[in-house]
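Shown here: my_file-v4.cif, mmCIF, C-alpha atoms.
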data_upload
#
loop_
_atom_site.label_atom_id
_atom_site.label_comp_id
_atom_site.auth_asym_id
_atom_site.auth_seq_id
_atom_site.Cartn_x
_atom_site.Cartn_y
_atom_site.Cartn_z
CA MET X 254 -15.96 41.87 -16.04
CA ALA X 255 -18.35 44.46 -14.83
CA THR X 256 -16.62 44.53 -11.51
CA ARG X 257 -14.72 47.75 -11.87
CA ARG X 258 -15.08 49.66 -8.67
CA ILE X 259 -14.30 53.20 -7.82
CA ALA X 260 -10.73 53.80 -8.88
CA GLU X 261 -8.45 54.50 -6.00
CA LYS X 262 -6.64 57.80 -5.67
CA SER X 263 -3.31 56.12 -6.32
CA SER X 264 -4.48 54.47 -9.52
CA PRO X 265 -2.42 55.10 -12.65
CA ARG X 266 -3.57 57.55 -15.25
CA ASP X 267 -4.47 54.91 -17.81
CA VAL X 268 -7.38 53.72 -15.70
CA ALA X 269 -10.56 55.05 -17.17
CA THR X 270 -12.60 56.43 -14.34
CA PRO X 271 -16.00 54.77 -14.35
CA SER X 272 -18.82 56.86 -15.68
CA GLY X 273 -21.77 57.88 -13.59
CA SER X 274 -21.94 59.88 -10.43
CA GLU X 275 -19.87 58.67 -7.53
CA LYS X 276 -19.89 60.05 -4.08
CA PRO X 277 -16.74 58.85 -2.37
CA SER X 278 -18.25 59.45 1.05
CA ASP X 279 -21.09 56.96 0.47
CA SER X 280 -20.30 53.39 1.38
CA ASP X 281 -20.46 51.00 -1.53
CA VAL X 282 -22.97 48.30 -0.72
CA THR X 283 -23.13 46.62 -4.12
CA PRO X 284 -21.38 43.26 -4.11
CA ALA X 285 -17.77 43.53 -5.20
CA VAL X 286 -18.08 40.65 -7.65
CA PRO X 287 -21.31 39.87 -9.50
CA THR X 288 -22.89 36.50 -8.94
CA ASN X 289 -22.37 35.19 -12.46
CA VAL X 290 -18.62 35.72 -12.18
CA ILE X 291 -18.51 33.89 -8.86
CA MET X 292 -20.52 31.03 -10.38
CA LYS X 293 -18.09 30.90 -13.31
CA LEU X 294 -15.05 30.73 -11.05
CA LEU X 295 -16.70 28.19 -8.74
CA GLY X 296 -17.68 26.08 -11.75
CA PHE X 297 -14.13 26.07 -13.09
CA SER X 298 -12.68 25.30 -9.66
CA VAL X 299 -14.97 22.30 -9.28
CA ALA X 300 -14.32 21.22 -12.88
CA MET X 301 -10.56 21.43 -12.32
CA VAL X 302 -10.85 19.06 -9.37
CA VAL X 303 -13.53 16.67 -10.59
CA VAL X 304 -13.18 16.40 -14.39
CA PRO X 305 -9.64 14.93 -14.78
CA ILE X 306 -9.79 12.43 -11.94
CA GLY X 307 -13.43 11.64 -12.70
CA SER X 308 -12.69 10.94 -16.35
CA TYR X 309 -9.82 8.67 -15.30
CA PHE X 310 -12.08 6.50 -13.18
CA VAL X 311 -14.83 6.52 -15.81
CA MET X 312 -12.35 5.34 -18.44
CA VAL X 313 -10.99 2.61 -16.18
CA ASP X 314 -14.52 1.49 -15.32
CA PHE X 315 -15.35 1.24 -19.00
CA GLY X 316 -12.51 -1.20 -19.50
CA ALA X 317 -9.77 1.04 -20.84
CA SER X 318 -6.26 0.45 -19.57
CA ALA X 319 -4.93 2.64 -16.78
CA THR X 320 -2.52 4.34 -19.16
CA VAL X 321 -5.32 5.38 -21.49
CA GLY X 322 -7.22 6.63 -18.45
CA GLY X 323 -4.22 8.71 -17.41
CA ILE X 324 -3.87 10.22 -20.88
CA VAL X 325 -7.58 11.06 -20.95
CA ALA X 326 -7.29 12.68 -17.50
CA ALA X 327 -4.39 14.87 -18.64
CA VAL X 328 -6.25 15.84 -21.82
CA MET X 329 -9.39 16.71 -19.86
CA ALA X 330 -7.37 18.95 -17.51
CA ASN X 331 -6.12 20.86 -20.55
CA VAL X 332 -9.64 21.03 -21.97
CA VAL X 333 -10.74 22.77 -18.76
CA LEU X 334 -7.84 25.21 -19.15
CA VAL X 335 -8.76 26.02 -22.76
CA ALA X 336 -12.38 26.50 -21.73
CA TYR X 337 -11.25 28.92 -19.05
CA ILE X 338 -9.11 30.93 -21.48
CA TYR X 339 -12.04 31.04 -23.92
CA VAL X 340 -14.48 32.25 -21.25
CA ALA X 341 -12.04 34.91 -20.01
CA TRP X 342 -11.50 36.03 -23.57
CA LYS X 343 -15.26 36.27 -24.27
CA ASP X 344 -15.80 38.12 -21.01
CA ASP X 345 -13.21 40.71 -21.95
CA GLN X 346 -14.68 41.13 -25.42
CA ALA X 347 -18.20 41.72 -24.12
CA GLU X 348 -16.88 44.29 -21.69
CA ARG X 349 -14.91 46.11 -24.35
CA GLU X 350 -18.01 46.28 -26.56
CA ALA X 351 -20.03 47.70 -23.69
CA ASP X 352 -17.32 50.29 -23.07
CA ALA X 353 -17.28 51.25 -26.74
CA LYS X 354 -21.05 51.66 -26.71
CA GLN X 355 -20.89 53.92 -23.71
CA LYS X 356 -18.21 56.03 -25.34
CA ALA X 357 -20.30 56.32 -28.50
CA LYS X 358 -23.27 57.45 -26.43
CA LYS X 359 -21.18 60.08 -24.70
CA ALA X 360 -19.87 61.40 -28.00
CA GLN X 361 -23.37 62.11 -29.27
CA MET C 12 6.36 -16.62 -7.14
CA ALA C 13 8.05 -15.76 -3.88
CA ASP C 14 11.02 -13.64 -2.95
CA SER C 15 13.90 -14.05 -5.34
CA GLU C 16 16.90 -12.16 -6.54
CA TYR C 17 14.67 -10.24 -8.93
CA THR C 18 11.82 -9.64 -6.52
CA PRO C 19 13.40 -8.59 -3.23
CA LYS C 20 11.31 -7.55 -0.25
CA TYR C 21 12.30 -3.93 -0.54
CA ALA C 22 11.22 -3.49 -4.19
CA PRO C 23 7.89 -1.80 -3.31
CA PHE C 24 9.85 0.87 -1.41
CA PHE C 25 10.94 2.39 -4.71
CA SER C 26 7.40 2.37 -6.07
CA PHE C 27 6.12 4.19 -3.03
CA ALA C 28 9.02 6.63 -3.29
CA GLY C 29 7.89 7.27 -6.87
CA ILE C 30 4.30 7.93 -5.76
CA ALA C 31 5.48 10.33 -3.07
CA ALA C 32 7.93 12.07 -5.42
CA ALA C 33 5.28 12.62 -8.08
CA MET C 34 2.84 14.12 -5.61
CA ILE C 35 5.29 16.10 -3.46
CA PHE C 36 7.38 17.64 -6.22
CA GLY C 37 4.37 18.22 -8.45
CA SER C 38 2.61 20.03 -5.63
CA MET C 39 5.73 22.04 -4.85
CA GLY C 40 5.85 23.27 -8.44
CA ALA C 41 2.13 24.01 -8.46
CA ALA C 42 2.38 25.82 -5.13
CA TYR C 43 5.22 28.01 -6.32
CA GLY C 44 3.38 28.80 -9.55
CA THR C 45 0.17 29.66 -7.72
CA ALA C 46 1.85 31.75 -5.03
CA LYS C 47 4.19 33.70 -7.27
CA SER C 48 1.58 34.48 -9.90
CA GLY C 49 -0.90 35.18 -7.09
CA ILE C 50 1.36 37.99 -5.90
CA GLY C 51 1.25 39.52 -9.36
CA ILE C 52 -2.52 39.08 -9.63
CA ALA C 53 -3.07 40.72 -6.26
CA GLY C 54 -0.87 43.60 -7.37
CA VAL C 55 -2.84 44.00 -10.61
CA GLY C 56 -6.20 43.58 -8.93
CA THR C 57 -5.82 46.70 -6.82
CA PHE C 58 -5.44 48.85 -9.94
CA ARG C 59 -7.45 46.98 -12.56
CA PRO C 60 -10.02 44.67 -10.97
CA ASP C 61 -11.53 44.08 -14.42
CA LEU C 62 -8.41 42.18 -15.46
CA ILE C 63 -8.49 39.64 -12.64
CA MET C 64 -10.50 37.06 -14.57
CA LYS C 65 -8.01 36.98 -17.44
CA SER C 66 -5.05 37.17 -15.09
CA LEU C 67 -6.05 33.99 -13.27
CA ILE C 68 -4.82 31.78 -16.11
CA PRO C 69 -1.38 31.05 -14.53
CA VAL C 70 -3.19 29.83 -11.43
CA VAL C 71 -5.32 27.43 -13.47
CA MET C 72 -2.19 26.19 -15.25
CA SER C 73 -0.46 25.57 -11.93
CA GLY C 74 -3.45 23.49 -10.93
CA ILE C 75 -2.91 21.32 -14.00
CA ILE C 76 0.68 20.64 -12.90
CA ALA C 77 -0.66 19.18 -9.68
CA VAL C 78 -3.18 17.10 -11.67
CA TYR C 79 -0.29 15.54 -13.65
CA GLY C 80 1.36 14.45 -10.40
CA LEU C 81 -1.96 13.12 -9.18
CA VAL C 82 -2.54 11.08 -12.36
CA ILE C 83 0.84 9.35 -12.12
CA SER C 84 0.39 8.73 -8.40
CA VAL C 85 -2.99 7.10 -8.99
CA LEU C 86 -1.57 4.99 -11.83
CA ILE C 87 1.39 3.71 -9.79
CA ALA C 88 -0.80 3.11 -6.76
CA GLY C 89 -3.10 1.04 -8.97
CA ASP C 90 -0.20 -1.32 -9.76
CA MET C 91 0.63 -1.91 -6.11
CA ASP C 92 -0.44 -4.95 -4.13
CA PRO C 93 0.86 -6.38 -0.84
CA PRO C 94 3.30 -9.34 -1.04
CA PRO C 95 1.07 -12.42 -0.69
CA ASN C 96 -0.85 -11.30 -3.78
CA LYS C 97 2.01 -9.92 -5.77
CA TYR C 98 5.80 -10.03 -5.58
CA MET C 99 7.06 -6.93 -7.29
CA SER C 100 10.28 -7.03 -9.23
CA LEU C 101 12.99 -4.53 -8.45
CA TYR C 102 12.79 -3.50 -12.09
CA THR C 103 9.19 -2.38 -11.65
CA GLY C 104 10.06 -0.54 -8.46
CA PHE C 105 12.82 1.44 -10.14
CA MET C 106 10.58 2.16 -13.09
CA HIS C 107 7.88 3.54 -10.83
CA LEU C 108 10.48 5.68 -9.13
CA ALA C 109 11.64 7.01 -12.50
CA ALA C 110 8.05 7.75 -13.54
CA GLY C 111 7.33 9.58 -10.30
CA LEU C 112 10.56 11.57 -10.34
CA SER C 113 10.20 12.59 -14.00
CA VAL C 114 6.66 13.87 -13.45
CA GLY C 115 7.49 15.50 -10.14
CA LEU C 116 10.66 17.30 -11.13
CA ALA C 117 9.28 18.30 -14.54
CA GLY C 118 6.36 19.70 -12.55
CA VAL C 119 8.74 21.75 -10.43
CA ALA C 120 10.29 23.17 -13.60
CA ALA C 121 6.90 23.96 -15.12
CA GLY C 122 5.55 25.47 -11.90
CA TYR C 123 8.63 27.64 -11.49
CA THR C 124 8.24 28.91 -15.06
CA ILE C 125 4.53 29.55 -14.67
CA GLY C 126 5.09 31.42 -11.42
CA ILE C 127 7.69 33.82 -12.76
CA VAL C 128 6.06 34.32 -16.16
CA GLY C 129 2.64 34.68 -14.54
CA ASP C 130 3.87 37.35 -12.13
CA ALA C 131 5.75 39.43 -14.68
CA GLY C 132 3.28 38.79 -17.51
CA VAL C 133 0.23 39.82 -15.54
CA ARG C 134 1.91 43.04 -14.41
CA ALA C 135 2.93 43.81 -17.99
CA TYR C 136 -0.60 43.01 -19.20
CA MET C 137 -1.93 45.69 -16.85
CA GLN C 138 -0.08 48.35 -18.84
CA GLN C 139 -0.15 46.88 -22.33
CA SER C 140 -3.02 44.62 -23.36
CA ARG C 141 -1.13 43.20 -26.36
CA VAL C 142 1.17 41.33 -24.01
CA TYR C 143 -1.70 38.91 -23.33
CA VAL C 144 -1.23 36.60 -26.32
CA GLY C 145 2.52 36.46 -25.72
CA MET C 146 1.99 35.74 -22.04
CA ILE C 147 -0.41 32.88 -22.81
CA LEU C 148 2.04 31.40 -25.32
CA ILE C 149 4.96 31.54 -22.88
CA LEU C 150 2.77 30.01 -20.19
CA ILE C 151 1.73 27.20 -22.52
CA PHE C 152 5.35 26.46 -23.38
CA GLY C 153 6.15 26.38 -19.67
CA GLU C 154 3.18 24.12 -19.04
CA VAL C 155 4.31 21.75 -21.79
CA LEU C 156 7.47 21.01 -19.77
CA GLY C 157 5.26 19.35 -17.17
CA LEU C 158 3.34 17.54 -19.92
CA TYR C 159 6.58 16.03 -21.26
CA GLY C 160 7.32 14.70 -17.81
CA LEU C 161 3.85 13.17 -17.70
CA ILE C 162 4.25 11.54 -21.12
CA VAL C 163 7.55 9.96 -20.09
CA GLY C 164 5.97 8.85 -16.82
CA LEU C 165 3.02 7.24 -18.63
CA ILE C 166 5.30 5.42 -21.07
CA LEU C 167 7.48 4.15 -18.24
CA ASN C 168 4.44 3.05 -16.28
CA SER C 169 3.01 1.13 -19.22
CA LYS C 170 6.23 -0.93 -19.43
CA SER C 171 5.66 -2.53 -16.05
CA SER C 172 2.51 -4.42 -17.03
CA GLY C 173 4.29 -7.15 -18.88
#

Do you think you could lay out the structure here as structure tokens?
Amino acid sequence: MATRRIAEKSSPRDVATPSGSEKPSDSDVTPAVPTNVIMKLLGFSVAMVVVPIGSYFVMVDFGASATVGGIVAAVMANVVLVAYIYVAWKDDQAEREADAKQKAKKAQ
Amino acid sequence: MADSEYTPKYAPFFSFAGIAAAMIFGSMGAAYGTAKSGIGIAGVGTFRPDLIMKSLIPVVMSGIIAVYGLVISVLIAGDMDPPPNKYMSLYTGFMHLAAGLSVGLAGVAAGYTIGIVGDAGVRAYMQQSRVYVGMILILIFGEVLGLYGLIVGLILNSKSSG
């Protein structure tokens, strides 16, 4: 995520200090978390609540037995989890690529 | 069919106990998993805010534990009907209780695992990124404990409609 803020004084050595000029005295007015990340998290929160129980009622309405509905609900909950892991994974990859690009630029 | 030896008045009590057990114990497990791994995530977030998104996975998994309890509760509640319409057998009541307890207590086990593994795993991930795959695997195996409880609960519940 591109949410890395100014590293604190007590941060461990392995934290790469963000590039660019930082004046610690200036107050940081940029939002702590970008909007797209908030939308992602909100979307997954809503999906976690709505998708399993919604799919249960949809299945029951379409004539499936309650047991089948329950199985579908459990499966859908796990689908949301896998989607979340995938998105987090992708997010990390994109960030790492951006970091690598910046490093390559610096090396030149 | 009215009250008989097989369908006593107090049979629905056990079904409702099963509903409550599924929801209460499942939520207890989910709450422990969320809170314990939340401590770890908060600790990681102060040093590496960029890792928060990936570290939230134990919290999502804890949410699933609660969904399992919810599914069984909804299923059992769907079978219930007040006495003039339906006289429940004691057998069904006990079976609902077993379904609710198996989901609920399996949920406690899974939530406990997810909480501890989430806390320690996220902190380890902060220092060594290769821990991530191992952490996810351990979390999935912990999560599966709750899924087993749900499977048993669903099978038990399907036996009552006969």

query = What are the residues of chain C that have an atom within 6 Å of an atom of chain X, counting all atoms listed in the file, as a list in words?
reply = Phe58, Pro60, Asp61, Lys65 and Val82 of chain C

Taking all listed atoms of range 290-308 of chain X, build the axis-aligned box, pad each of the six sides by 8 Å, then write its centre and edge lengths in Å to one decimal as JSON.
{"center_x": -15.1, "center_y": 23.3, "center_z": -12.5, "size_x": 26.9, "size_y": 40.8, "size_z": 23.6}

message = Rounded to one decimal, what separation in Å do you get between CA of His107 in chain C and CA of Gly89 in chain C?
response =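 The value is 11.4 Å.
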
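This file, queried with the PyMOL selection byres ((chain C and resi 161-169) around 7), gives the residues Thr320 of chain X; Tyr79, Ile83, Met106, His107, Ala110, Gly111, Ser113, Val114, Gly157, Leu158, Tyr159, Gly160, Lys170, Ser171 and Ser172 of chain C.
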
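The gap separating CA of Met39 in chain C from CA of Ala135 in chain C is 25.6 Å, in Å to one decimal.
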
request  = Compare C:Gly126, C:Pro93, C:Gly54, C:Pro23 by their minimum atom-to-atom distance to Val70 in chain C, counting all atoms listed in the file, and give me the closest one.
outcome  =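 Distance minimum relative to Val70 in chain C lands on C:Gly126.
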
message = What would the selection look like, as a PyMOL selection string, if the PyMOL selection byres ((chain C and resi 136-153) around 10) were run on the coordinates I just shared?
response = (chain X and resi 265+267-268+338) or (chain C and resi 52+54-56+58-59+62-63+65-66+68-69+72-73+118+120-129+131-135+154-158)

request  = Using CA of Lys47 in chain C and CA of Ile75 in chain C as the two end points, give the distance in Å to one decimal.
outcome  =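 CA of Lys47 in chain C sits 15.8 Å away from CA of Ile75 in chain C.
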
request  = Find, counting all atoms listed in the file, the residue in X:Ala317, X:Val332, X:Lys359, X:Lys354 that gets nearest to Val304 in chain X.
outcome  = X:Val332

request  = Go through the shown structure with the PyMOL selection byres ((chain C and resi 37) around 6) and write out the matching residues as a list of chain:residue names.
outcome  =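 Answer for the PyMOL selection byres ((chain C and resi 37) around 6): C:Ala33, C:Met34, C:Ile35, C:Phe36, C:Ser38, C:Met39, C:Gly40, C:Ala77, C:Gly80, C:Gly115, C:Gly118, C:Val119.
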
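Considering the residues C:Gly44, C:Pro95, C:Gly29, C:Gly51 and counting only C-alpha atoms, Val71 in chain C has its shortest atom-to-atom contact with C:Gly44.
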
ask   = Quick one: of C:Ala41, C:Leu112, C:Ala31, C:Ala13, who's nearest to Val85 in chain C, counting only C-alpha atoms?
value =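 Going through C:Ala41, C:Leu112, C:Ala31, C:Ala13 one by one, the smallest distance to Val85 in chain C is for C:Ala31.
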
inquiry  = Here is a test: counting only C-alpha atoms, which residue of C:Thr45, C:Ile76, C:Leu81, C:Ser26 is nearest to Phe105 in chain C?
reply    =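 That would be C:Ser26, the residue with the smallest distance to Phe105 in chain C.
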